[in-house]
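So this block is final.tsv, TSV, C-alpha atoms:
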chain	number	residue	atom	x	y	z
A	714	MET	CA	-193.11	-73.08	-5.72
A	715	ILE	CA	-189.69	-74.65	-6.19
A	716	ALA	CA	-188.25	-71.19	-6.75
A	717	PHE	CA	-189.54	-70.05	-3.37
A	718	TRP	CA	-187.91	-72.89	-1.49
A	719	VAL	CA	-184.61	-72.52	-3.33
A	720	LEU	CA	-184.64	-68.80	-2.63
A	721	ALA	CA	-185.67	-69.31	0.99
A	722	ILE	CA	-182.84	-71.75	1.62
A	723	GLY	CA	-180.43	-69.41	-0.13
A	724	LEU	CA	-181.66	-66.45	1.90
A	725	ILE	CA	-181.27	-68.26	5.21
A	726	ALA	CA	-177.92	-69.79	4.28
A	727	THR	CA	-176.41	-66.48	3.20
A	728	GLY	CA	-177.85	-64.83	6.31
A	729	VAL	CA	-176.23	-67.40	8.55
A	730	PHE	CA	-172.98	-66.99	6.65
A	731	THR	CA	-173.21	-63.22	7.09
A	732	ILE	CA	-173.47	-63.33	10.86
A	733	THR	CA	-170.99	-66.15	11.38
A	734	ALA	CA	-168.21	-65.12	9.02
A	735	ARG	CA	-164.88	-64.40	10.65
A	736	LYS	CA	-163.98	-61.36	8.60
A	737	PRO	CA	-166.27	-58.50	7.58
A	738	VAL	CA	-165.34	-58.98	3.91
A	739	TYR	CA	-166.82	-62.46	3.96
A	740	SER	CA	-169.90	-61.02	5.60
A	741	VAL	CA	-170.26	-58.57	2.74
A	742	VAL	CA	-170.14	-61.43	0.24
A	743	GLY	CA	-172.81	-63.29	2.21
A	744	LEU	CA	-174.92	-60.16	2.38
A	745	LEU	CA	-174.61	-59.72	-1.39
A	746	GLY	CA	-176.06	-63.18	-1.96
A	747	ASN	CA	-178.78	-62.39	0.54
A	748	PHE	CA	-179.77	-59.19	-1.27
A	749	VAL	CA	-179.83	-60.86	-4.68
A	750	ALA	CA	-181.99	-63.72	-3.40
A	751	LEU	CA	-184.29	-61.21	-1.76
A	752	ALA	CA	-184.60	-59.23	-5.01
A	753	ILE	CA	-185.69	-62.38	-6.82
A	754	LEU	CA	-188.20	-63.03	-4.03
A	755	TYR	CA	-189.55	-59.52	-4.60
A	756	LEU	CA	-190.07	-60.44	-8.24
A	757	THR	CA	-192.21	-63.40	-7.18
A	758	LEU	CA	-194.24	-60.95	-5.07
A	759	ASN	CA	-195.09	-58.64	-8.01
A	760	ALA	CA	-192.68	-55.94	-6.82
A	761	GLU	CA	-190.49	-55.51	-9.85
A	762	PHE	CA	-189.55	-51.89	-9.18
A	763	LEU	CA	-188.51	-52.71	-5.63
A	764	ALA	CA	-186.49	-55.67	-6.89
A	765	VAL	CA	-184.49	-53.33	-9.11
A	766	ILE	CA	-184.17	-50.81	-6.28
A	767	GLN	CA	-182.97	-53.60	-4.00
A	768	ILE	CA	-180.17	-54.47	-6.40
A	769	VAL	CA	-179.22	-50.88	-7.16
A	770	VAL	CA	-179.38	-49.36	-3.68
A	771	TYR	CA	-178.41	-52.26	-1.47
A	772	SER	CA	-175.96	-54.22	-3.60
A	773	GLY	CA	-174.75	-51.20	-5.49
A	774	ALA	CA	-174.53	-48.48	-2.87
A	775	ILE	CA	-174.69	-49.79	0.68
A	776	LEU	CA	-172.45	-52.82	0.17
A	777	ILE	CA	-169.90	-50.71	-1.68
A	778	LEU	CA	-169.96	-48.32	1.26
A	779	PHE	CA	-169.27	-51.24	3.59
A	780	LEU	CA	-166.43	-52.41	1.36
A	781	PHE	CA	-164.91	-48.93	1.29
A	782	VAL	CA	-164.99	-48.69	5.07
A	783	ILE	CA	-163.48	-52.15	5.47
A	784	ALA	CA	-160.70	-51.27	3.04
A	785	LEU	CA	-160.14	-47.95	4.78
A	786	LEU	CA	-159.95	-49.44	8.23
A	787	SER	CA	-157.85	-52.47	7.39
A	788	SER	CA	-155.27	-50.45	5.49
A	789	GLY	CA	-153.61	-49.37	8.72
A	790	VAL	CA	-150.82	-51.07	10.59
A	791	LYS	CA	-152.91	-53.18	12.92
A	792	PRO	CA	-154.85	-56.03	11.40
A	793	PHE	CA	-158.57	-55.51	11.28
A	794	ASP	CA	-159.53	-58.13	13.77
A	795	VAL	CA	-161.48	-58.24	17.00
A	796	GLY	CA	-161.40	-60.61	19.89
A	797	PRO	CA	-163.70	-63.53	20.51
A	798	ASP	CA	-167.39	-62.89	20.20
A	799	ARG	CA	-169.87	-62.91	23.01
A	800	MET	CA	-171.14	-66.26	21.81
A	801	PRO	CA	-170.90	-68.34	25.01
A	802	LYS	CA	-172.34	-65.64	27.22
A	803	VAL	CA	-175.35	-64.53	25.26
A	804	LEU	CA	-176.12	-67.35	22.86
A	805	VAL	CA	-178.73	-68.96	25.09
A	806	PRO	CA	-180.58	-65.70	25.94
A	807	ALA	CA	-180.44	-64.69	22.29
A	808	LEU	CA	-181.89	-68.01	21.21
A	809	ILE	CA	-184.68	-67.73	23.79
A	810	ILE	CA	-185.56	-64.19	22.75
A	811	GLY	CA	-185.43	-65.15	19.09
A	812	ALA	CA	-187.64	-68.19	19.66
A	813	ILE	CA	-190.19	-66.02	21.47
A	814	ALA	CA	-190.16	-63.49	18.65
A	815	LEU	CA	-190.50	-66.22	16.05
A	816	ALA	CA	-193.37	-67.86	17.93
A	817	THR	CA	-195.11	-64.50	18.24
A	818	VAL	CA	-194.90	-63.86	14.54
A	819	VAL	CA	-196.09	-67.34	13.62
A	820	TYR	CA	-198.96	-67.12	16.09
A	821	GLY	CA	-199.95	-63.68	14.87
A	822	THR	CA	-199.82	-64.75	11.26
A	823	ALA	CA	-201.92	-67.81	11.90
A	824	ARG	CA	-204.56	-65.72	13.67
A	825	ALA	CA	-204.55	-62.90	11.14
A	826	PRO	CA	-207.75	-62.29	9.20
A	827	SER	CA	-207.63	-63.46	5.66
A	828	PRO	CA	-206.96	-60.67	3.18
A	829	ALA	CA	-209.92	-58.89	1.73
A	830	VAL	CA	-210.86	-59.66	-1.81
A	831	PRO	CA	-209.06	-57.15	-4.02
A	832	SER	CA	-211.52	-54.51	-5.07
A	833	ILE	CA	-209.65	-53.76	-8.28
A	834	ALA	CA	-211.08	-55.65	-11.23
A	835	ALA	CA	-208.67	-57.82	-13.14
A	836	GLY	CA	-207.32	-56.13	-16.23
A	837	SER	CA	-207.74	-52.58	-14.97
A	838	PRO	CA	-204.66	-50.54	-13.98
A	839	GLY	CA	-203.26	-51.52	-10.61
A	840	ALA	CA	-204.73	-55.00	-10.60
A	841	LEU	CA	-202.61	-58.08	-10.02
A	842	GLY	CA	-201.06	-59.37	-13.17
A	843	PRO	CA	-197.99	-61.12	-14.46
A	844	THR	CA	-194.78	-59.41	-13.43
A	845	GLY	CA	-193.22	-57.49	-16.26
A	846	GLU	CA	-196.37	-56.21	-17.90
A	847	ALA	CA	-197.11	-52.51	-17.92
A	848	ASP	CA	-199.46	-51.01	-15.36
A	849	VAL	CA	-200.12	-54.11	-13.29
A	850	PHE	CA	-199.74	-54.04	-9.53
A	851	GLY	CA	-196.14	-53.34	-8.53
A	852	SER	CA	-194.99	-52.25	-11.95
A	853	VAL	CA	-192.95	-49.10	-12.37
A	854	ALA	CA	-195.96	-47.16	-13.68
A	855	ASN	CA	-198.19	-48.24	-10.81
A	856	PHE	CA	-195.50	-47.60	-8.21
A	857	GLY	CA	-194.73	-44.16	-9.61
A	858	GLN	CA	-198.41	-43.30	-9.69
A	859	ALA	CA	-198.74	-44.21	-6.01
A	860	LEU	CA	-195.49	-42.49	-5.04
A	861	PHE	CA	-196.03	-39.17	-6.78
A	862	THR	CA	-199.74	-38.68	-6.17
A	863	THR	CA	-200.98	-40.31	-2.98
A	864	ASN	CA	-197.67	-40.43	-1.13
A	865	LEU	CA	-195.98	-37.28	-2.35
A	866	LEU	CA	-195.35	-35.90	1.15
A	867	PRO	CA	-193.46	-38.99	2.41
A	868	PHE	CA	-191.40	-38.84	-0.76
A	869	GLU	CA	-190.42	-35.24	-0.06
A	870	VAL	CA	-189.65	-36.08	3.57
A	871	THR	CA	-187.35	-38.80	2.21
A	872	ALA	CA	-185.41	-36.15	0.32
A	873	LEU	CA	-185.03	-34.14	3.53
A	874	LEU	CA	-183.90	-37.25	5.39
A	875	LEU	CA	-181.22	-38.00	2.81
A	876	MET	CA	-179.97	-34.44	2.95
A	877	VAL	CA	-179.76	-34.59	6.74
A	878	ALA	CA	-177.86	-37.87	6.46
A	879	VAL	CA	-175.38	-36.41	3.99
A	880	ILE	CA	-174.77	-33.33	6.14
A	881	GLY	CA	-174.41	-35.50	9.23
A	882	VAL	CA	-171.87	-37.77	7.59
A	883	VAL	CA	-169.83	-34.82	6.36
A	884	LEU	CA	-169.89	-33.27	9.81
A	885	LEU	CA	-168.98	-36.53	11.49
A	886	ALA	CA	-166.24	-37.92	9.31
A	887	GLY	CA	-165.56	-35.30	6.71
A	888	ASP	CA	-162.92	-32.81	7.87
A	889	ASP	CA	-160.96	-33.88	10.91
A	890	GLU	CA	-158.09	-31.43	10.53
A	891	PRO	CA	-159.44	-28.53	12.66
A	892	ALA	CA	-160.13	-30.92	15.54
A	893	ARG	CA	-156.58	-32.18	15.39
A	894	GLN	CA	-154.96	-28.78	15.19
A	895	ARG	CA	-156.84	-27.33	18.12
A	896	PRO	CA	-154.77	-29.06	20.85
A	897	LYS	CA	-151.57	-27.96	19.10
A	898	SER	CA	-152.53	-24.29	19.10
A	899	ARG	CA	-153.52	-24.59	22.75
A	900	GLY	CA	-150.14	-26.10	23.53
A	901	THR	CA	-148.27	-23.30	21.83
A	902	GLY	CA	-150.45	-20.77	23.58
A	903	ARG	CA	-149.23	-21.86	26.97
A	904	GLU	CA	-145.60	-21.11	26.34
A	905	PRO	CA	-145.83	-17.29	26.14
A	906	ILE	CA	-147.64	-17.37	29.45
A	907	ALA	CA	-144.95	-19.47	31.03
A	908	LYS	CA	-142.01	-17.48	29.70
A	909	PRO	CA	-142.71	-14.12	31.40
A	910	GLN	CA	-142.92	-15.94	34.68
A	911	GLU	CA	-139.31	-17.00	34.48
A	912	PRO	CA	-137.81	-13.52	35.00
A	913	LEU	CA	-140.05	-13.03	38.00
A	914	THR	CA	-138.70	-16.08	39.75
A	915	ARG	CA	-135.15	-14.96	39.11
B	205	MET	CA	-205.89	-68.40	2.58
B	206	SER	CA	-205.57	-66.47	-0.67
B	207	SER	CA	-204.33	-69.45	-2.57
B	208	SER	CA	-205.29	-67.82	-5.85
B	209	VAL	CA	-202.92	-64.89	-5.31
B	210	PHE	CA	-199.83	-66.62	-3.96
B	211	ALA	CA	-198.04	-69.55	-5.55
B	212	VAL	CA	-196.93	-70.55	-2.06
B	213	PRO	CA	-198.94	-69.66	1.06
B	214	MET	CA	-198.41	-66.20	2.42
B	215	GLU	CA	-197.40	-67.61	5.78
B	216	ASN	CA	-194.24	-69.00	4.19
B	217	TYR	CA	-193.09	-65.54	3.22
B	218	ILE	CA	-193.87	-64.18	6.66
B	219	GLY	CA	-192.11	-67.08	8.35
B	220	LEU	CA	-189.07	-66.54	6.13
B	221	SER	CA	-189.11	-62.87	7.05
B	222	ALA	CA	-189.24	-63.77	10.74
B	223	ILE	CA	-186.31	-66.15	10.36
B	224	VAL	CA	-184.18	-63.55	8.58
B	225	PHE	CA	-185.09	-60.96	11.22
B	226	PHE	CA	-184.10	-63.45	13.90
B	227	LEU	CA	-180.74	-63.95	12.17
B	228	GLY	CA	-180.21	-60.20	12.22
B	229	VAL	CA	-181.05	-60.00	15.92
B	230	MET	CA	-178.63	-62.83	16.62
B	231	GLY	CA	-175.91	-61.04	14.68
B	232	VAL	CA	-176.38	-57.81	16.62
B	233	ILE	CA	-176.47	-59.55	19.99
B	234	VAL	CA	-173.69	-62.07	19.53
B	235	ARG	CA	-171.09	-60.41	17.34
B	236	ARG	CA	-168.70	-57.74	18.58
B	237	ASN	CA	-167.44	-56.44	15.28
B	238	PRO	CA	-169.35	-53.19	14.65
B	239	LEU	CA	-169.32	-53.67	10.87
B	240	ILE	CA	-170.94	-57.08	11.13
B	241	MET	CA	-173.42	-55.63	13.60
B	242	LEU	CA	-174.35	-52.96	11.05
B	243	MET	CA	-174.76	-55.65	8.40
B	244	SER	CA	-177.05	-57.55	10.77
B	245	ILE	CA	-179.16	-54.40	11.06
B	246	GLU	CA	-179.40	-54.40	7.27
B	247	LEU	CA	-180.62	-58.00	7.47
B	248	MET	CA	-183.39	-56.88	9.82
B	249	PHE	CA	-184.38	-54.04	7.49
B	250	ASN	CA	-184.64	-56.51	4.65
B	251	ALA	CA	-186.75	-58.91	6.69
B	252	ALA	CA	-189.17	-56.08	7.47
B	253	ASN	CA	-189.26	-55.18	3.78
B	254	LEU	CA	-190.09	-58.74	2.82
B	255	ALA	CA	-193.03	-58.76	5.24
B	256	LEU	CA	-194.24	-55.38	3.95
B	257	ILE	CA	-194.13	-56.47	0.33
B	258	THR	CA	-195.85	-59.76	1.14
B	259	PHE	CA	-198.72	-57.96	2.85
B	260	ALA	CA	-198.86	-55.42	0.03
B	261	LYS	CA	-199.49	-58.25	-2.40
B	262	ALA	CA	-202.02	-59.90	-0.11
B	263	TRP	CA	-204.12	-56.72	0.05
B	264	VAL	CA	-203.20	-55.49	-3.47
B	265	ASN	CA	-202.25	-52.18	-1.94
B	266	ALA	CA	-199.31	-50.10	-3.09
B	267	ALA	CA	-198.85	-48.54	0.35
B	268	GLY	CA	-196.71	-51.52	1.35
B	269	HIS	CA	-194.44	-50.90	-1.59
B	270	ILE	CA	-194.15	-47.22	-0.71
B	271	PHE	CA	-193.32	-48.12	2.87
B	272	ALA	CA	-190.67	-50.60	1.74
B	273	PHE	CA	-189.20	-47.90	-0.50
B	274	LEU	CA	-188.99	-45.54	2.47
B	275	VAL	CA	-187.39	-48.28	4.56
B	276	ILE	CA	-184.73	-48.73	1.90
B	277	THR	CA	-184.05	-44.99	2.00
B	278	VAL	CA	-183.79	-44.99	5.78
B	279	ALA	CA	-181.48	-48.00	5.58
B	280	ALA	CA	-179.20	-46.14	3.21
B	281	ALA	CA	-179.07	-43.13	5.52
B	282	GLU	CA	-178.51	-45.36	8.53
B	283	ALA	CA	-175.67	-47.21	6.82
B	284	ALA	CA	-173.98	-43.96	5.86
B	285	ILE	CA	-174.19	-42.45	9.34
B	286	GLY	CA	-173.36	-45.70	11.11
B	287	LEU	CA	-170.29	-46.25	8.99
B	288	ALA	CA	-169.20	-42.66	9.57
B	289	ILE	CA	-169.45	-43.23	13.32
B	290	VAL	CA	-167.50	-46.47	12.96
B	291	VAL	CA	-164.79	-44.67	11.00
B	292	ILE	CA	-164.32	-41.87	13.52
B	293	VAL	CA	-164.39	-44.31	16.45
B	294	PHE	CA	-161.81	-46.54	14.81
B	295	ARG	CA	-159.65	-43.57	13.95
B	296	ARG	CA	-159.17	-42.76	17.62
B	297	ALA	CA	-159.51	-46.08	19.42
B	298	VAL	CA	-156.81	-48.67	19.55
B	299	ASN	CA	-159.16	-51.58	19.81
B	300	VAL	CA	-162.17	-52.22	17.60
B	301	ASP	CA	-164.26	-54.02	20.17
B	302	VAL	CA	-167.63	-52.39	20.69
B	303	ASP	CA	-167.72	-53.52	24.30
B	304	GLU	CA	-164.69	-51.39	25.07
B	305	ILE	CA	-166.02	-48.26	23.39
B	306	ALA	CA	-167.60	-46.53	26.37
B	307	THR	CA	-166.77	-42.90	25.64
B	308	LEU	CA	-170.43	-41.93	25.74
B	309	HIS	CA	-171.00	-43.80	28.96
B	310	GLY	CA	-171.82	-40.68	30.95
Any chance you could put this one into structure tokens?
Amino acid sequence: MIAFWVLAIGLIATGVFTITARKPVYSVVGLLGNFVALAILYLTLNAEFLAVIQIVVYSGAILILFLFVIALLSSGVKPFDVGPDRMPKVLVPALIIGAIALATVVYGTARAPSPAVPSIAAGSPGALGPTGEADVFGSVANFGQALFTTNLLPFEVTALLLMVAVIGVVLLAGDDEPARQRPKSRGTGREPIAKPQEPLTR
Amino acid sequence: MSSSVFAVPMENYIGLSAIVFFLGVMGVIVRRNPLIMLMSIELMFNAANLALITFAKAWVNAAGHIFAFLVITVAAAEAAIGLAIVVIVFRRAVNVDVDEIATLHG
């Protein structure tokens, strides 16, 4: 109970810090706190495997990617800084849209039917149990069972998606040299055309 | 509602998810730094994940966990491609303001 409120306040505070920080590096630090608080919240929701995945993938991979890009971009001559934000222009519309979205979610949640009684008997595999025990709901064994039997096709599609992402990133940002050399070769190609014209004019 | 399953009511988790999603929307709308906008998108992914995992626990159904796992994968792919686009845009542009990047404006 107390843990939820502490984590909720931490989650919101780090989120606010993330979107209001002046420099992207500060935002990354705020996002790191956000991800860690969220991972602990996942633990309170019987999702221990996803808590670990949250730490490993988000804090370990995605944030490091952000840090690499920030370091890469700010290593140039110009300082990595942008002008003033669109705060005065769009703050009021954004607040209105956000309030409508928030009200919709709260209204929908209040009207939602109460969850069905879990059909899985307590003590059997897949039933709710204390986090950390083997074969309860959300444990690694239960998650793997669901992932590799019932949801095998989405898992394979995930592999395809990651491969497409890797190929796309390599194509986008990988080798920029041919694109830079193409205008040069075109520029040198014009000169032999121009030179034979000079004797004609003489 | 389902007080035996949750230590705090389920609505609290959903409300928290909505607030974090709202923060992400605000970040995307208000900020002009593309990196912070991408981080705000990550905030929205995480808010959706929190809602999915909350409902998965409410119905004791692992499908929510699987869906959250797929969302994390998509978020990783999105971050990689988005950052690659940011890198190539920044490599050519003088300014780093997303409002002035209108090369694809048609």
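Shell of stretch 240-244 of chain B at 6 Å, with all atoms listed in the file counted and residues fewer than 3 places along the chain excluded, is Gly228, Gly231, Val232, Asn237 and Leu247 of chain B.
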Selection above as a file: C-alpha atoms, as a tab-separated table (two decimals), keeping the file's coordinate frame:
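Just written: part19.tsv:
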chain	number	residue	atom	x	y	z
B	228	GLY	CA	-180.21	-60.20	12.22
B	231	GLY	CA	-175.91	-61.04	14.68
B	232	VAL	CA	-176.38	-57.81	16.62
B	237	ASN	CA	-167.44	-56.44	15.28
B	247	LEU	CA	-180.62	-58.00	7.47
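Between B:Glu215 and the residues A:Leu841, A:Ala823, A:Leu866, A:Leu860, the shortest atom-to-atom distance, using all atoms listed in the file, involves A:Ala823.
You will find atom CA of B:Pro238 at 24.2 Å from atom CA of A:Ala812.
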Set the cut-off to 8 Å and count all atoms listed in the file: what are the residues of chain B that reach chain A? Output as a ChimeraX atom specification. /B:205-206,211-212,215,218-220,222-224,226-231,233-237,239-240,243-244,247,250,254,257-258,261-264,266-267,269-270,272-274,276-278,280-285,287-289,291-292,294,299-301
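Interatomic distance, atom CA of A:Val853 to atom CA of A:Val765: 10.0 Å.
With all atoms listed in the file as the atoms that count, the residue of A:Val769, A:Leu756, A:Gly746, A:Glu761 with the shortest distance to A:Ala854 is A:Glu761.
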